[in-house]
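Chemist: Attaching a single structure in structure tokens format; questions to follow.
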Amino acid sequence: MSGPVLAVNQVGKSFKNKQIIKDISFEVKKGEIMAILGPNGAGKSTTIRSIMGILHPDEGTVKFHGHSAGSIPRHRIGYLPEERGLYKKVSIMDILLYFAELKDYPVKKAKERALTYLKKLGLEGKEKSSIEELSKGMGQKVQFIASIIHEPDLLILDEPFSGLDPVSQELIKSEIKELANKGTAILLSAHQMNVVEELCDRLFMIHRGQKVISGTMEEVKAQYANYKCVIRGNNEESILARLPQVQRVEQSGELATLYLEANIQPSTWLKQLPEEIQIQELTVSRISLHEIFIDIATDKKLLGEGEKSA
Amino acid sequence: MRNSMKVAKWEYRKNMKNKSFIISLLITPLIFIIFSSLPSFMDLFKSESDPVKVYIQDEMNTWESVEETLLSQGIEWDVQEAETDESGMKEIIKNTENTAYISFSKNLMEQGKLTVYTNEEIDKDFEKQVNVLVQPLRDLQIENLQLSQQDKDIINQGITIDAVSLSKGVGEVKEDPLKRLVPGVFAGIILFSIVMTGMMIFQSASNEKKEKVAEIVLSSVDSSELMQGKIIGYFALGITQVFAWILIVVPFFIWKNDFPILEYLLVPETLLLVFIAVLGYLLFAAIFAGIGATLEDMDQTSNFQGIVFLLPWLPAALFSPVISDPEGIIAQAASYFPLTSPAVLIMRLSVLESWPWIEISISIIILLISIWLFMKLAGKIFKIGILMYGKNATPKEILKWLRY
């Protein structure tokens with residue numbers, strides 16, 4: 001595929017005089033899962049609504065398969081908004097067929113797909129039930145089906161896992177992976193960083209309406225996440241803090257976490273550990289996406305050099 | 001427009017599958033039929049009262065001549081010859097229930113007075129029944145005068161008043177008032193029905209917001225298409241309702257009353273009246289859609305939003321002054337005010353013999369401009385309101401949205 005499926009370029013939006021998002025640029029390619037992350041109120045939903053044309057951005061452009069705003073074929077986009085629900089007193093099949101019709105998708109095919117997905121997501125035989133008769137989690141699954149019923153080229157999922165139990169999360173996760181494998185470009189926002197790490201190829205993190213981190217998962221980790229070394233043993237915190245290239249130490253009983261400086265080589269650093277340090281267990285790993293997220297959301301600025309170069 | 005039609009189709013289907021809508025669709029005309037046939041139905045259960053026993057003193061053989069008229073009117077009395085003289089009969093009548101005494105005396109024709117004695121315990125219809133005797137007795141009275149046939153005809157003809165208004169049409173024969181009234185009532189029913197279903201737009205917009213479906217729908221259609229779709233969908237529902245009523249009520253009406261209703265309805269005037277009703281619907285539909293989108297919780301409707309429900313009933317307050325003086329200042333002014341003009345125009349045109357075309361044209365133009373304006377404003381409110389979750393919008397907020 002030549003160009004990206006979705007190209008967001010320098011998009012900005014203000015409400016009254018308050019800038020909600022500013023200079024947001026990213027792309028989503030075919031078959032790729034891209035995460036848009038950020039704390040509550042960071043501007044994720046505004047970005048997504050601007051992409052969907054529900055809000056009109058004040059500046060910048062949104063292009064889908066090269067089409068600009070106004071001419072975007074919205075029937076080729078699937079959307080699961082954060083604030084979502086379904087008609088309560090209508091049968092599930094009727095709702096799914098209505099959404100398919102709104103997307104100009106043939107009724108017969110939609111019916112087949114609806115039945116297939118209901119079965120896949122454990123809702124077999126529920127097509128005639130109304131949403132009122134289903135649990136919240138089941139309702140969420142129906143909403144997910146509604147967003148993909150028309151085989152979209154681009155799928156935008158705003159918090160698809162919120163309110164789902166772990167089993168349902170796994171089901172939706174595997175469906176998202178399968179859709180991406182079949183070539184659907186997926187943009188999703190989520191707060192479950194472990195899920196994002198596992199699922200997404202690239203991420204774009206915003207805070208206070210502006211980009212703070214972007215890139216592939218490896219790039220982000222390499223660029224922003226320093227190594228940390230967790231040691232279990234009876235050691236004094238002051239001794240650990242004096243070790244070379246250690247930025248800070250967090251100790252809890254026998255467990256000490258040493259946050260290392262950027263650009264160290266783990267093997268070289270391990271070789272220079274003094275013999276008097278007691279080690280029962282030792283792990284060296286990158287700081288997790290979850291920790292990066294917390295850092296940003298709480299303004300701790302613990303990301304070190306990487307952030308400054310962002 | 002294609003997307004609007006998809007939304008309209010959905011709203012239509014959704015409601016047509018809704019049991020309570022179907023029930024109300026059928027129940028309303030059935031209630032009408034039940035209530036209109038209730039009096040004759042009740043008559044079936046009325047116990048057949050015994051015929052009034054009427055004692056007759058017939059000195060001139062008058063009874064023979066008038067009896068036929070009574071029978072032709074379906075009046076059955078138990079007629080008996082008077083047993084005694086007048087004072088004796090009065091005594092009998094005083095003490096007997098459901099009994100009367102009529103004396104056709106010799107000087108009845110000269111005096112022109114027939115005395116009927118009854119007591120309080122008599123069939124309540126008896127007084128009416130006795131009145132039937134007046135005409136045959138009068139015929140006899142004329143007969144006795146031995147006039148020529150020509151004189152008799154002149155007297156029988158009596159005097160009738162023929163009022164001809166020359167102010168609007170020269171020497172025109174007075175039109176059948178039903179010719180205007182029937183199409184007018186028909187258009188009034190259409191206006192009532194579609195405005196009633198139009199109120200469902202209010203609920204539909206509010207529910208879409210409450211159930212948080214709006215954003216999913218808006219990812220496929222524009223807010224204006226969504227609003228238009230709702231307006232078209234509920235219009236179709238209203239028309240379906242009218243047709244259901246017509247299909248059920250009209251055959252019953254024709255069967256019961258032998259009234260040529262279709263003859264009165266299939267005239268060009270009906271088209272204009274229905275067109276005015278449709279304009280009225282569009283105006284209120286825009287208001288309902290816009291305000292409905294500002295409400296998430298129907299239970300917490302503020303006074304402001306509650307007032308909106310009252311708007312279509314505004315013309316009801318004007319019914320009496322408009323009907324009593326359809327060309328008066330109130331009727332004219334209300335025809336130019338968009339919230340009242342559809343109903344008031346229909347009322348006036350139902351009773352006015354000749355239509356004031358210039359006024360009608362101006363009213364319709366004002367109405368069309370108002371619809372365009374209200375649709376624009378409602379679209380603005382709808383666009384923002386439908387995506388605002390968590391609370392009902394205040395009038396202040398709504399005013400602010402209008403400025404965007």
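Ordered as shown in the structure tokens, chains take letters A, B, and onward, while each chain numbers its residues from 1 and ligands are numbered from 1 in the order shown.
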Taking only C-alpha atoms into account, report as JSON, numbers by chain which residues of chain A lie within 9 Å of chain B.
Modeler: {"A": [49, 52, 53, 54, 74, 75, 77, 78, 79, 80, 81, 83, 84, 85, 86, 87, 88, 89, 90, 94, 98, 99, 101, 102, 103, 146, 147]}
Chemist: Based on DSSP run over this structure's backbone, return all residues of range 115-300 of chain A in strand (DSSP E), as a PyMOL selection string.
Modeler: chain A and resi 154-158+185-189+202-207+210-216+227-232+246-252+255-260+281-286
Chemist: Restricting the calculation to only C-alpha atoms: of B:Ile362, B:Ile92, B:Asp58, B:Ser148, which residue gets closest to Asn107 in chain B?
Modeler: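 Ranking B:Ile362, B:Ile92, B:Asp58, B:Ser148 by distance to Asn107 in chain B, first place goes to B:Asp58.
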Chemist: Please extract the residues of range 147-247 of chain B with a backbone DSSP assignment of helix (DSSP H, G or I) and present them as a ChimeraX atom specification.
Modeler: /B:149-157,178-210,214-218,223-247
Chemist: How would the residues just picked look written out with C-alpha atoms as an mmCIF file, in the first residue's frame?
Modeler:
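To be explicit, this is the file written out as again23.cif:
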```cif
data_model
loop_
_atom_site.group_PDB
_atom_site.id
_atom_site.type_symbol
_atom_site.label_atom_id
_atom_site.label_comp_id
_atom_site.auth_asym_id
_atom_site.auth_seq_id
_atom_site.Cartn_x
_atom_site.Cartn_y
_atom_site.Cartn_z
ATOM 1 C CA GLN B 149 -106.861 24.528 -3.834
ATOM 2 C CA GLN B 150 -104.738 27.573 -4.681
ATOM 3 C CA ASP B 151 -105.533 29.229 -1.341
ATOM 4 C CA LYS B 152 -104.787 26.019 0.491
ATOM 5 C CA ASP B 153 -101.405 25.759 -1.252
ATOM 6 C CA ILE B 154 -100.552 29.340 -0.361
ATOM 7 C CA ILE B 155 -101.396 28.772 3.295
ATOM 8 C CA ASN B 156 -99.576 25.441 3.399
ATOM 9 C CA GLN B 157 -96.509 27.018 1.867
ATOM 10 C CA LEU B 178 -70.020 21.350 4.836
ATOM 11 C CA LYS B 179 -68.171 21.873 1.573
ATOM 12 C CA ARG B 180 -65.547 23.874 3.479
ATOM 13 C CA LEU B 181 -65.984 22.349 6.883
ATOM 14 C CA VAL B 182 -65.311 18.720 5.976
ATOM 15 C CA PRO B 183 -61.911 19.354 4.284
ATOM 16 C CA GLY B 184 -61.103 21.740 7.148
ATOM 17 C CA VAL B 185 -61.836 19.173 9.831
ATOM 18 C CA PHE B 186 -59.863 16.611 7.837
ATOM 19 C CA ALA B 187 -56.831 18.938 7.634
ATOM 20 C CA GLY B 188 -57.266 19.709 11.329
ATOM 21 C CA ILE B 189 -57.113 15.998 12.142
ATOM 22 C CA ILE B 190 -53.971 15.642 10.015
ATOM 23 C CA LEU B 191 -52.368 18.609 11.759
ATOM 24 C CA PHE B 192 -53.289 17.193 15.152
ATOM 25 C CA SER B 193 -51.998 13.726 14.304
ATOM 26 C CA ILE B 194 -48.682 14.753 12.785
ATOM 27 C CA VAL B 195 -47.985 17.293 15.499
ATOM 28 C CA MET B 196 -48.704 14.598 18.093
ATOM 29 C CA THR B 197 -46.238 12.203 16.458
ATOM 30 C CA GLY B 198 -43.947 15.194 15.979
ATOM 31 C CA MET B 199 -43.782 15.401 19.744
ATOM 32 C CA MET B 200 -42.190 11.968 19.589
ATOM 33 C CA ILE B 201 -39.201 13.615 17.852
ATOM 34 C CA PHE B 202 -38.611 15.360 21.141
ATOM 35 C CA GLN B 203 -38.450 12.027 22.908
ATOM 36 C CA SER B 204 -36.435 10.386 20.137
ATOM 37 C CA ALA B 205 -33.743 13.090 20.183
ATOM 38 C CA SER B 206 -33.626 13.038 23.964
ATOM 39 C CA ASN B 207 -33.390 9.227 24.067
ATOM 40 C CA GLU B 208 -30.647 9.132 21.464
ATOM 41 C CA LYS B 209 -28.714 11.431 23.743
ATOM 42 C CA LYS B 210 -29.570 9.505 26.883
ATOM 43 C CA ALA B 214 -25.886 9.837 18.803
ATOM 44 C CA GLU B 215 -22.120 9.811 18.370
ATOM 45 C CA ILE B 216 -22.140 6.408 16.627
ATOM 46 C CA VAL B 217 -24.872 7.606 14.274
ATOM 47 C CA LEU B 218 -23.059 10.904 13.690
ATOM 48 C CA SER B 223 -26.282 16.186 12.453
ATOM 49 C CA SER B 224 -28.504 17.997 9.943
ATOM 50 C CA GLU B 225 -29.172 14.722 8.108
ATOM 51 C CA LEU B 226 -30.011 13.065 11.418
ATOM 52 C CA MET B 227 -32.440 15.834 12.320
ATOM 53 C CA GLN B 228 -34.043 15.843 8.868
ATOM 54 C CA GLY B 229 -34.350 12.062 8.996
ATOM 55 C CA LYS B 230 -36.200 12.246 12.269
ATOM 56 C CA ILE B 231 -38.535 14.931 10.963
ATOM 57 C CA ILE B 232 -39.335 12.928 7.815
ATOM 58 C CA GLY B 233 -39.677 9.652 9.746
ATOM 59 C CA TYR B 234 -42.133 11.011 12.261
ATOM 60 C CA PHE B 235 -44.053 12.795 9.513
ATOM 61 C CA ALA B 236 -44.526 9.408 7.830
ATOM 62 C CA LEU B 237 -45.644 7.959 11.162
ATOM 63 C CA GLY B 238 -48.188 10.743 11.614
ATOM 64 C CA ILE B 239 -49.565 10.203 8.114
ATOM 65 C CA THR B 240 -49.744 6.442 8.740
ATOM 66 C CA GLN B 241 -51.710 7.235 11.857
ATOM 67 C CA VAL B 242 -54.144 9.420 9.915
ATOM 68 C CA PHE B 243 -54.594 6.705 7.288
ATOM 69 C CA ALA B 244 -55.207 4.087 9.951
ATOM 70 C CA TRP B 245 -57.859 6.356 11.453
ATOM 71 C CA ILE B 246 -59.425 7.002 8.063
ATOM 72 C CA LEU B 247 -59.475 3.320 7.144
#
```
Chemist: Could you name the residues that touch Ile21 in chain A at 10 Å or less, counting only C-alpha atoms, but leaving out those on the same chain fewer than 4 positions away, as a ChimeraX atom specification?
Modeler: /A:10-15,42-44,46-47,57-59,206-211
Chemist: Just the selected residues (N, CA and C atoms), exported as a PDB file, in the first residue's frame, please.
Modeler:
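Result saved to out21.pdb:
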```pdb
ATOM      1  N   GLN A  10      -0.994  18.438  11.799  1.00  0.00           N
ATOM      2  CA  GLN A  10      -1.028  19.716  12.539  1.00  0.00           C
ATOM      3  C   GLN A  10      -2.438  20.157  12.928  1.00  0.00           C
ATOM      4  N   VAL A  11      -3.201  19.208  13.425  1.00  0.00           N
ATOM      5  CA  VAL A  11      -4.587  19.508  13.792  1.00  0.00           C
ATOM      6  C   VAL A  11      -4.654  20.241  15.138  1.00  0.00           C
ATOM      7  N   GLY A  12      -5.474  21.264  15.195  1.00  0.00           N
ATOM      8  CA  GLY A  12      -5.680  22.017  16.432  1.00  0.00           C
ATOM      9  C   GLY A  12      -7.147  22.348  16.618  1.00  0.00           C
ATOM     10  N   LYS A  13      -7.570  22.409  17.862  1.00  0.00           N
ATOM     11  CA  LYS A  13      -8.985  22.733  18.127  1.00  0.00           C
ATOM     12  C   LYS A  13      -9.101  23.487  19.438  1.00  0.00           C
ATOM     13  N   SER A  14      -9.870  24.563  19.410  1.00  0.00           N
ATOM     14  CA  SER A  14     -10.100  25.330  20.640  1.00  0.00           C
ATOM     15  C   SER A  14     -11.584  25.382  20.934  1.00  0.00           C
ATOM     16  N   PHE A  15     -11.917  25.412  22.223  1.00  0.00           N
ATOM     17  CA  PHE A  15     -13.296  25.684  22.633  1.00  0.00           C
ATOM     18  C   PHE A  15     -13.261  26.973  23.408  1.00  0.00           C
ATOM     19  N   ALA A  42      -6.640  14.816  28.162  1.00  0.00           N
ATOM     20  CA  ALA A  42      -5.450  15.200  27.395  1.00  0.00           C
ATOM     21  C   ALA A  42      -5.815  15.682  25.999  1.00  0.00           C
ATOM     22  N   GLY A  43      -6.995  15.270  25.512  1.00  0.00           N
ATOM     23  CA  GLY A  43      -7.406  15.695  24.164  1.00  0.00           C
ATOM     24  C   GLY A  43      -7.548  14.532  23.196  1.00  0.00           C
ATOM     25  N   LYS A  44      -7.553  13.303  23.713  1.00  0.00           N
ATOM     26  CA  LYS A  44      -7.657  12.129  22.814  1.00  0.00           C
ATOM     27  C   LYS A  44      -9.006  12.118  22.081  1.00  0.00           C
ATOM     28  N   THR A  46     -11.105  14.502  21.641  1.00  0.00           N
ATOM     29  CA  THR A  46     -11.234  15.650  20.728  1.00  0.00           C
ATOM     30  C   THR A  46     -10.509  15.357  19.420  1.00  0.00           C
ATOM     31  N   THR A  47      -9.312  14.737  19.537  1.00  0.00           N
ATOM     32  CA  THR A  47      -8.565  14.376  18.327  1.00  0.00           C
ATOM     33  C   THR A  47      -9.392  13.404  17.490  1.00  0.00           C
ATOM     34  N   PRO A  57     -11.936  20.657  13.087  1.00  0.00           N
ATOM     35  CA  PRO A  57     -10.716  21.265  13.641  1.00  0.00           C
ATOM     36  C   PRO A  57     -10.538  22.707  13.143  1.00  0.00           C
ATOM     37  N   ASP A  58      -9.983  23.539  14.038  1.00  0.00           N
ATOM     38  CA  ASP A  58      -9.753  24.940  13.645  1.00  0.00           C
ATOM     39  C   ASP A  58      -8.563  25.043  12.700  1.00  0.00           C
ATOM     40  N   GLU A  59      -7.613  24.148  12.899  1.00  0.00           N
ATOM     41  CA  GLU A  59      -6.432  24.196  12.032  1.00  0.00           C
ATOM     42  C   GLU A  59      -5.973  22.784  11.692  1.00  0.00           C
ATOM     43  N   ILE A 206      -0.297  11.977  24.018  1.00  0.00           N
ATOM     44  CA  ILE A 206      -0.497  13.426  24.160  1.00  0.00           C
ATOM     45  C   ILE A 206      -0.767  13.786  25.618  1.00  0.00           C
ATOM     46  N   HIS A 207      -0.376  14.994  25.951  1.00  0.00           N
ATOM     47  CA  HIS A 207      -0.633  15.521  27.280  1.00  0.00           C
ATOM     48  C   HIS A 207      -0.941  16.996  27.122  1.00  0.00           C
ATOM     49  N   ARG A 208      -1.998  17.423  27.773  1.00  0.00           N
ATOM     50  CA  ARG A 208      -2.483  18.809  27.651  1.00  0.00           C
ATOM     51  C   ARG A 208      -2.596  19.241  26.192  1.00  0.00           C
ATOM     52  N   GLY A 209      -3.107  18.325  25.377  1.00  0.00           N
ATOM     53  CA  GLY A 209      -3.406  18.657  23.985  1.00  0.00           C
ATOM     54  C   GLY A 209      -2.226  18.639  23.039  1.00  0.00           C
ATOM     55  N   GLN A 210      -1.032  18.254  23.557  1.00  0.00           N
ATOM     56  CA  GLN A 210       0.126  18.263  22.657  1.00  0.00           C
ATOM     57  C   GLN A 210       0.877  16.936  22.691  1.00  0.00           C
ATOM     58  N   LYS A 211       1.587  16.673  21.617  1.00  0.00           N
ATOM     59  CA  LYS A 211       2.329  15.413  21.551  1.00  0.00           C
ATOM     60  C   LYS A 211       3.473  15.420  22.566  1.00  0.00           C
TER      61      LYS A 211
END
```
Chemist: Give me the residues within 8 Å of Thr118 in chain B as a PyMOL selection string, counting only C-alpha atoms and dropping any in the same chain fewer than 6 places off.
Modeler: chain B and resi 93-94+98-101
Chemist: Next, the residues of the selection above should be written as an mmCIF file, in the first residue's frame with C-alpha atoms.
Modeler:
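After the write, result.cif holds the following:
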```
data_model
loop_
_atom_site.group_PDB
_atom_site.id
_atom_site.type_symbol
_atom_site.label_atom_id
_atom_site.label_comp_id
_atom_site.auth_asym_id
_atom_site.auth_seq_id
_atom_site.Cartn_x
_atom_site.Cartn_y
_atom_site.Cartn_z
ATOM 1 C CA ILE B 93 -105.934 10.319 34.727
ATOM 2 C CA LYS B 94 -104.969 11.887 38.061
ATOM 3 C CA ASN B 98 -98.724 6.585 32.069
ATOM 4 C CA THR B 99 -102.148 7.563 30.963
ATOM 5 C CA ALA B 100 -103.477 10.555 29.005
ATOM 6 C CA TYR B 101 -106.813 11.930 27.984
#
```
Chemist: Could you name the residues that touch range 245-250 of chain A at 12 Å or less, counting only C-alpha atoms, but leaving out those on the same chain fewer than 3 positions away, as a PyMOL selection string?
Modeler: chain A and resi 226-231+235-242+253-266+268-270+272-273+302-304
Chemist: Store the residues of this selection in a file with C-alpha atoms, as a short mmCIF file (atom, residue, chain, number, x, y, z; two decimals), in the first residue's frame.
Modeler:
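Just written: result.cif:
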```cif
data_model
loop_
_atom_site.label_atom_id
_atom_site.label_comp_id
_atom_site.auth_asym_id
_atom_site.auth_seq_id
_atom_site.Cartn_x
_atom_site.Cartn_y
_atom_site.Cartn_z
CA ASN A 226 15.79 3.99 30.64
CA TYR A 227 16.79 0.67 32.13
CA LYS A 228 15.96 -0.19 35.69
CA CYS A 229 17.57 -2.87 37.83
CA VAL A 230 15.60 -4.63 40.53
CA ILE A 231 17.74 -6.34 43.20
CA ASN A 235 21.58 -3.92 50.99
CA GLU A 236 21.72 -0.41 52.34
CA GLU A 237 20.05 2.24 50.18
CA SER A 238 22.98 4.64 50.48
CA ILE A 239 25.40 2.03 49.08
CA LEU A 240 23.11 1.35 46.13
CA ALA A 241 22.69 5.07 45.46
CA ARG A 242 26.47 5.49 45.24
CA GLY A 253 12.36 -4.00 52.46
CA GLU A 254 14.78 -6.26 50.63
CA LEU A 255 13.58 -5.13 47.23
CA ALA A 256 15.43 -2.20 45.68
CA THR A 257 14.71 -0.61 42.28
CA LEU A 258 17.66 1.24 40.78
CA TYR A 259 16.75 3.69 37.99
CA LEU A 260 19.72 3.88 35.64
CA GLU A 261 20.95 6.71 33.47
CA ALA A 262 20.13 6.83 29.80
CA ASN A 263 22.34 5.15 27.23
CA ILE A 264 23.96 2.59 29.49
CA GLN A 265 24.92 -0.85 28.28
CA PRO A 266 23.30 -3.34 30.72
CA THR A 268 28.85 -3.43 30.95
CA TRP A 269 26.99 -1.91 33.88
CA LEU A 270 26.40 -5.32 35.48
CA GLN A 272 31.07 -3.22 37.43
CA LEU A 273 28.78 -4.15 40.33
CA LEU A 302 11.41 11.24 35.23
CA LEU A 303 11.95 10.37 31.62
CA GLY A 304 15.35 11.92 31.52
#
```
